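To be precise, the following lines are run_31.cif, and they hold mmCIF, C-alpha atoms.
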data_entry
#
loop_
_atom_site.label_atom_id
_atom_site.label_comp_id
_atom_site.auth_asym_id
_atom_site.auth_seq_id
_atom_site.Cartn_x
_atom_site.Cartn_y
_atom_site.Cartn_z
CA MET A 1 98.67 45.98 116.07
CA THR A 2 98.54 44.00 119.32
CA ALA A 3 99.14 45.66 122.66
CA ASP A 4 102.61 45.36 124.15
CA ALA A 5 103.01 42.66 126.81
CA PRO A 6 104.32 44.39 129.94
CA GLY A 7 107.78 43.23 130.89
CA LEU A 8 108.14 40.89 127.92
CA ALA A 9 111.34 42.42 126.54
CA GLU A 10 113.03 42.19 129.93
CA TYR A 11 111.84 38.62 130.44
CA VAL A 12 113.22 37.52 127.07
CA ARG A 13 116.53 39.29 127.72
CA ARG A 14 116.90 37.65 131.13
CA TYR A 15 115.96 34.19 129.85
CA VAL A 16 118.50 34.32 127.01
CA GLU A 17 121.17 35.69 129.33
CA GLU A 18 120.63 32.91 131.87
CA THR A 19 120.93 30.30 129.12
CA GLU A 20 124.13 31.94 127.85
CA VAL A 21 125.62 31.79 131.36
CA ALA A 22 125.16 28.01 131.37
CA LEU A 23 126.70 27.70 127.91
CA ARG A 24 129.81 29.68 128.86
CA ASP A 25 130.72 27.11 131.51
CA PRO A 26 133.55 24.72 130.42
CA PHE A 27 131.31 21.69 131.01
CA LEU A 28 130.19 21.76 127.37
CA LEU A 29 133.62 21.21 125.84
CA ASP A 30 134.55 18.77 128.62
CA GLY A 31 131.41 16.79 127.84
CA MET A 32 132.11 16.76 124.12
CA HIS A 33 135.63 15.47 124.76
CA ARG A 34 134.09 12.42 126.46
CA ILE A 35 130.87 11.86 124.52
CA VAL A 36 132.34 12.03 121.01
CA PRO A 37 134.93 9.22 121.49
CA ALA A 38 132.32 6.99 123.15
CA LEU A 39 129.84 7.43 120.32
CA ARG A 40 132.52 7.12 117.65
CA ALA A 41 133.71 3.85 119.16
CA ALA A 42 130.13 2.54 119.18
CA ARG A 43 129.60 3.55 115.56
CA ASP A 44 132.85 2.05 114.34
CA ALA A 45 132.21 -1.23 116.19
CA GLY A 46 128.60 -1.45 115.00
CA ARG A 47 127.26 -1.19 118.55
CA MET A 48 123.76 0.00 119.43
CA VAL A 49 123.16 3.34 121.13
CA PHE A 50 120.01 3.49 123.26
CA PHE A 51 118.46 6.84 124.21
CA LEU A 52 115.93 7.31 127.00
CA GLY A 53 114.22 9.97 129.08
CA ASN A 54 110.83 11.24 130.26
CA GLY A 55 108.74 14.18 129.07
CA GLY A 56 110.87 16.81 127.38
CA SER A 57 113.91 14.56 127.81
CA SER A 58 112.06 11.83 125.91
CA ALA A 59 111.52 14.27 123.04
CA THR A 60 115.23 15.16 123.13
CA ALA A 61 116.09 11.45 123.04
CA ALA A 62 113.90 10.90 119.97
CA HIS A 63 115.30 13.99 118.24
CA PHE A 64 118.84 12.83 119.06
CA VAL A 65 118.15 9.49 117.37
CA ASN A 66 116.64 11.21 114.32
CA ASP A 67 119.66 13.44 113.78
CA LEU A 68 122.34 10.93 114.75
CA SER A 69 120.96 8.23 112.46
CA LYS A 70 120.21 10.44 109.45
CA LEU A 71 122.26 13.64 109.61
CA THR A 72 125.55 11.80 110.11
CA ILE A 73 125.35 9.36 107.20
CA PRO A 74 128.75 9.57 105.47
CA ALA A 75 129.09 10.32 101.79
CA GLY A 76 129.63 7.03 100.00
CA ALA A 77 130.31 3.84 101.90
CA GLY A 78 130.96 4.14 105.60
CA ARG A 79 129.79 3.44 109.10
CA ARG A 80 126.35 4.53 110.21
CA PHE A 81 125.05 4.96 113.74
CA ARG A 82 122.74 2.25 115.00
CA CYS A 83 120.46 3.88 117.56
CA VAL A 84 116.97 3.79 119.02
CA ALA A 85 114.89 5.87 121.45
CA LEU A 86 113.27 3.44 123.85
CA ALA A 87 110.24 5.64 124.57
CA ASP A 88 109.30 5.56 120.88
CA ASP A 89 108.05 1.98 121.30
CA VAL A 90 104.81 3.08 122.95
CA PRO A 91 103.11 -0.36 123.06
CA THR A 92 106.05 -1.94 124.88
CA LEU A 93 106.46 1.05 127.20
CA THR A 94 102.79 1.10 128.18
CA ALA A 95 102.70 -2.68 128.62
CA TRP A 96 105.53 -2.59 131.15
CA ALA A 97 104.05 0.46 132.88
CA ASN A 98 100.58 -1.07 133.10
CA ASP A 99 101.49 -4.66 133.90
CA THR A 100 104.39 -4.06 136.28
CA ASP A 101 105.75 -0.67 137.28
CA TYR A 102 106.70 2.52 135.42
CA SER A 103 110.22 2.34 136.80
CA ARG A 104 110.82 -0.68 134.54
CA VAL A 105 109.77 0.80 131.20
CA PHE A 106 113.36 1.33 130.00
CA SER A 107 115.27 -1.31 131.93
CA GLU A 108 113.22 -4.24 130.64
CA PRO A 109 113.64 -3.40 126.91
CA LEU A 110 117.38 -3.04 127.57
CA GLN A 111 117.36 -6.58 128.95
CA ASN A 112 115.87 -7.73 125.63
CA LEU A 113 117.97 -5.70 123.22
CA ALA A 114 121.33 -4.66 124.66
CA GLN A 115 124.67 -6.40 124.30
CA PRO A 116 127.95 -5.72 126.14
CA GLY A 117 129.69 -2.74 124.57
CA ASP A 118 126.48 -0.98 123.55
CA VAL A 119 125.88 2.58 124.78
CA VAL A 120 123.04 4.07 126.81
CA VAL A 121 122.38 7.83 126.75
CA ALA A 122 120.19 8.59 129.76
CA ILE A 123 118.61 12.06 129.80
CA SER A 124 117.08 13.48 132.97
CA GLY A 125 116.93 17.15 133.90
CA SER A 126 116.86 16.38 137.61
CA GLY A 127 119.01 13.26 137.46
CA ASN A 128 116.56 11.51 139.78
CA SER A 129 113.92 9.89 137.54
CA ALA A 130 113.36 6.38 138.89
CA ASN A 131 112.98 4.69 135.50
CA VAL A 132 116.11 6.39 134.15
CA LEU A 133 118.15 5.34 137.19
CA ARG A 134 116.88 1.77 136.96
CA ALA A 135 117.79 1.66 133.28
CA VAL A 136 121.32 2.80 134.11
CA GLU A 137 121.60 0.13 136.80
CA THR A 138 120.56 -2.46 134.21
CA ALA A 139 122.98 -1.02 131.66
CA ARG A 140 125.85 -1.32 134.12
CA SER A 141 124.94 -4.92 134.91
CA LEU A 142 125.00 -5.66 131.16
CA HIS A 143 128.42 -3.95 130.76
CA LEU A 144 127.18 -1.09 128.61
CA VAL A 145 128.83 2.32 128.34
CA THR A 146 126.62 4.87 130.10
CA ILE A 147 126.28 8.58 129.32
CA GLY A 148 124.10 10.83 131.47
CA LEU A 149 122.78 14.24 130.40
CA THR A 150 121.42 16.04 133.43
CA GLY A 151 121.39 19.33 135.34
CA ILE A 152 120.27 20.85 138.66
CA GLY A 153 123.35 19.42 140.37
CA GLY A 154 123.22 16.09 138.56
CA GLY A 155 121.08 14.15 141.02
CA ARG A 156 121.85 10.46 141.51
CA LEU A 157 122.44 10.00 137.79
CA LYS A 158 125.68 11.97 137.91
CA GLY A 159 127.40 9.38 140.10
CA MET A 160 126.00 6.34 138.32
CA VAL A 161 127.15 6.87 134.72
CA ASP A 162 130.55 6.55 133.06
CA ILE A 163 130.21 9.94 131.39
CA PRO A 164 128.14 12.54 133.26
CA VAL A 165 127.36 15.87 131.58
CA VAL A 166 125.74 18.22 134.09
CA VAL A 167 124.32 21.53 132.87
CA PRO A 168 125.24 24.17 135.48
CA SER A 169 121.72 25.49 135.97
CA SER A 170 118.88 24.98 138.44
CA SER A 171 116.23 25.85 135.83
CA MET A 172 114.67 22.86 134.08
CA GLN A 173 113.99 24.99 130.99
CA HIS A 174 117.62 26.07 130.69
CA VAL A 175 118.81 22.50 131.32
CA GLU A 176 116.61 21.21 128.50
CA ASP A 177 117.66 24.11 126.24
CA VAL A 178 121.30 23.17 126.69
CA HIS A 179 120.65 19.43 126.27
CA HIS A 180 119.06 20.28 122.93
CA LEU A 181 122.05 22.37 121.89
CA LEU A 182 124.43 19.61 122.98
CA MET A 183 122.46 17.13 120.89
CA HIS A 184 122.78 19.32 117.81
CA LEU A 185 126.45 20.00 118.54
CA VAL A 186 127.25 16.27 118.73
CA CYS A 187 125.34 15.44 115.55
CA ALA A 188 126.76 18.39 113.60
CA TYR A 189 130.26 17.37 114.67
CA PHE A 190 129.81 13.85 113.30
CA ARG A 191 128.23 15.23 110.14
CA ASP A 192 131.21 17.49 109.50
CA GLU A 193 133.93 15.23 110.88
CA ALA A 194 136.69 14.45 108.42
CA PRO A 195 137.47 10.71 108.34
CA ALA A 196 140.78 9.74 109.84
CA PRO A 197 143.37 8.64 107.24
CA GLY A 198 142.81 4.97 106.56
CA GLY A 199 140.18 4.79 109.31
CA PRO A 200 136.60 3.55 109.07
CA ARG A 201 133.62 5.80 108.48
#

Show me this structure written as structure tokens.
Amino acid sequence: MTADAPGLAEYVRRYVEETEVALRDPFLLDGMHRIVPALRAARDAGRMVFFLGNGGSSATAAHFVNDLSKLTIPAGAGRRFRCVALADDVPTLTAWANDTDYSRVFSEPLQNLAQPGDVVVAISGSGNSANVLRAVETARSLHLVTIGLTGIGGGRLKGMVDIPVVVPSSSMQHVEDVHHLLMHLVCAYFRDEAPAPGGPR
């Protein structure tokens, strides 16, 4: 039997409690009320949804694409989500970072791929990542719908996107925890959503 880690039980209790505090805030339902219609409209119109972020947020973006593109496939014929995580294209990302500037690694691929009416989901715990902000500026110039998942007050991202979702926490770990839960909540909703009578799926 291993020795007990001093203070571990209290640390775990406090960490979970702090995460629960963030989840009890009404921002989560408010965010769902805005994100779900935007993504549904993109799916039903066959628009692309681009996900982007750095570090842990990049992993969340890739996971979001995995679940949204696979978990939500309707039974039988119906609409599927068309989505991509921009950081997953490592050769293109590193080429832009090496040959120009890291702040352009998401904005330049958007210039190549995006069309008016597409959606960008920008994920940044601080809301101040330069490459995320530049991508949102590009998205706005291309007339895309912009969703921002952030925290720690929202940073600059909060005021730049059409749909800001700001986790009410100053802890990056709790912000990323809640972004992950929101991702699963969105995808589970679309998985379980009953099709509207006579409407597309």

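The set of residues that the PyMOL selection byres ((chain A and resi 44) around 10) takes from this file is Leu39, Arg40, Ala41, Ala42, Arg43, Ala45, Gly46, Arg47, Gly78, Arg79, Arg80, Phe81, Gly199, Pro200 and Arg201 of chain A.
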
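Of the listed residues (A:Leu52, A:Val12, A:Val145, A:Val186), A:Val145 comes nearest to Asp118 in chain A; the distances count all atoms listed in the file.
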
Sphere at (118.1, 14.6, 120.5), radius 9 Å, counting all atoms listed in the file: residues as an NGL selection string: :A and (51 or 57-68 or 179-184 or 187)

If we count all atoms listed in the file, what is near range 100-108 of chain A at a cut-off of 7 Å, once residues fewer than 6 positions away on the same chain are taken out, given as a short mmCIF file (atom, residue, chain, number, x, y, z; two decimals) with C-alpha atoms, in the frame of the given file?
data_model
loop_
_atom_site.label_atom_id
_atom_site.label_comp_id
_atom_site.auth_asym_id
_atom_site.auth_seq_id
_atom_site.Cartn_x
_atom_site.Cartn_y
_atom_site.Cartn_z
CA LEU A 86 113.27 3.44 123.85
CA LEU A 93 106.46 1.05 127.20
CA ALA A 130 113.36 6.38 138.89
CA ASN A 131 112.98 4.69 135.50
CA ARG A 134 116.88 1.77 136.96
CA ALA A 135 117.79 1.66 133.28
CA THR A 138 120.56 -2.46 134.21
#

For a test of reading the model, state the distance in Å between CA of Ser169 in chain A and CA of Gly153 in chain A, rounded to one decimal. 7.7 Å

List every residue of range 90-170 of chain A that has an atom at most 10 Å from any atom of range 20-37 of chain A, and for each one report the closest atom pair and its distance in Å to one decimal, counting only C-alpha atoms, with rows sorted by chain and then by increasing residue number, as JSON lines.
{"residue": "A:Val121", "atom": "CA", "partner": "A:Ile35", "partner_atom": "CA", "distance": 9.7}
{"residue": "A:Thr146", "atom": "CA", "partner": "A:Ile35", "partner_atom": "CA", "distance": 9.9}
{"residue": "A:Ile147", "atom": "CA", "partner": "A:Ile35", "partner_atom": "CA", "distance": 7.4}
{"residue": "A:Gly148", "atom": "CA", "partner": "A:Ile35", "partner_atom": "CA", "distance": 9.8}
{"residue": "A:Leu149", "atom": "CA", "partner": "A:Gly31", "partner_atom": "CA", "distance": 9.4}
{"residue": "A:Asp162", "atom": "CA", "partner": "A:Arg34", "partner_atom": "CA", "distance": 9.5}
{"residue": "A:Ile163", "atom": "CA", "partner": "A:Arg34", "partner_atom": "CA", "distance": 6.7}
{"residue": "A:Pro164", "atom": "CA", "partner": "A:Gly31", "partner_atom": "CA", "distance": 7.6}
{"residue": "A:Val165", "atom": "CA", "partner": "A:Gly31", "partner_atom": "CA", "distance": 5.6}
{"residue": "A:Val166", "atom": "CA", "partner": "A:Phe27", "partner_atom": "CA", "distance": 7.2}
{"residue": "A:Val167", "atom": "CA", "partner": "A:Ala22", "partner_atom": "CA", "distance": 6.7}
{"residue": "A:Pro168", "atom": "CA", "partner": "A:Ala22", "partner_atom": "CA", "distance": 5.6}
{"residue": "A:Ser169", "atom": "CA", "partner": "A:Ala22", "partner_atom": "CA", "distance": 6.3}
{"residue": "A:Ser170", "atom": "CA", "partner": "A:Ala22", "partner_atom": "CA", "distance": 9.9}

Separation of CA of Pro116 in chain A from CA of Leu157 in chain A in Å: 20.3 Å

Determine the residue set returned by the PyMOL selection byres ((chain A and resi 155) around 10) for the present structure, and present it as a PDB file with C-alpha atoms, in the frame of the given file.
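Listing of out03.pdb after writing:
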ATOM      1  CA  SER A 124     117.080  13.480 132.970  1.00  0.00           C
ATOM      2  CA  GLY A 125     116.930  17.150 133.900  1.00  0.00           C
ATOM      3  CA  SER A 126     116.860  16.380 137.610  1.00  0.00           C
ATOM      4  CA  GLY A 127     119.010  13.260 137.460  1.00  0.00           C
ATOM      5  CA  ASN A 128     116.560  11.510 139.780  1.00  0.00           C
ATOM      6  CA  SER A 129     113.920   9.890 137.540  1.00  0.00           C
ATOM      7  CA  THR A 150     121.420  16.040 133.430  1.00  0.00           C
ATOM      8  CA  GLY A 151     121.390  19.330 135.340  1.00  0.00           C
ATOM      9  CA  ILE A 152     120.270  20.850 138.660  1.00  0.00           C
ATOM     10  CA  GLY A 153     123.350  19.420 140.370  1.00  0.00           C
ATOM     11  CA  GLY A 154     123.220  16.090 138.560  1.00  0.00           C
ATOM     12  CA  ARG A 156     121.850  10.460 141.510  1.00  0.00           C
ATOM     13  CA  LEU A 157     122.440  10.000 137.790  1.00  0.00           C
ATOM     14  CA  LYS A 158     125.680  11.970 137.910  1.00  0.00           C
ATOM     15  CA  GLY A 159     127.400   9.380 140.100  1.00  0.00           C
ATOM     16  CA  MET A 160     126.000   6.340 138.320  1.00  0.00           C
ATOM     17  CA  VAL A 166     125.740  18.220 134.090  1.00  0.00           C
TER      18      VAL A 166
END

Enter the distance from CA of Lys70 in chain A to CA of Ala188 in chain A, in Å, rounded to one decimal. 11.1 Å

Could you name the residues that touch Gln115 in chain A at 10 Å or less, counting all atoms listed in the file, but leaving out those on the same chain fewer than 6 positions away, as a ChimeraX atom specification? /A:47-48,139,142-144
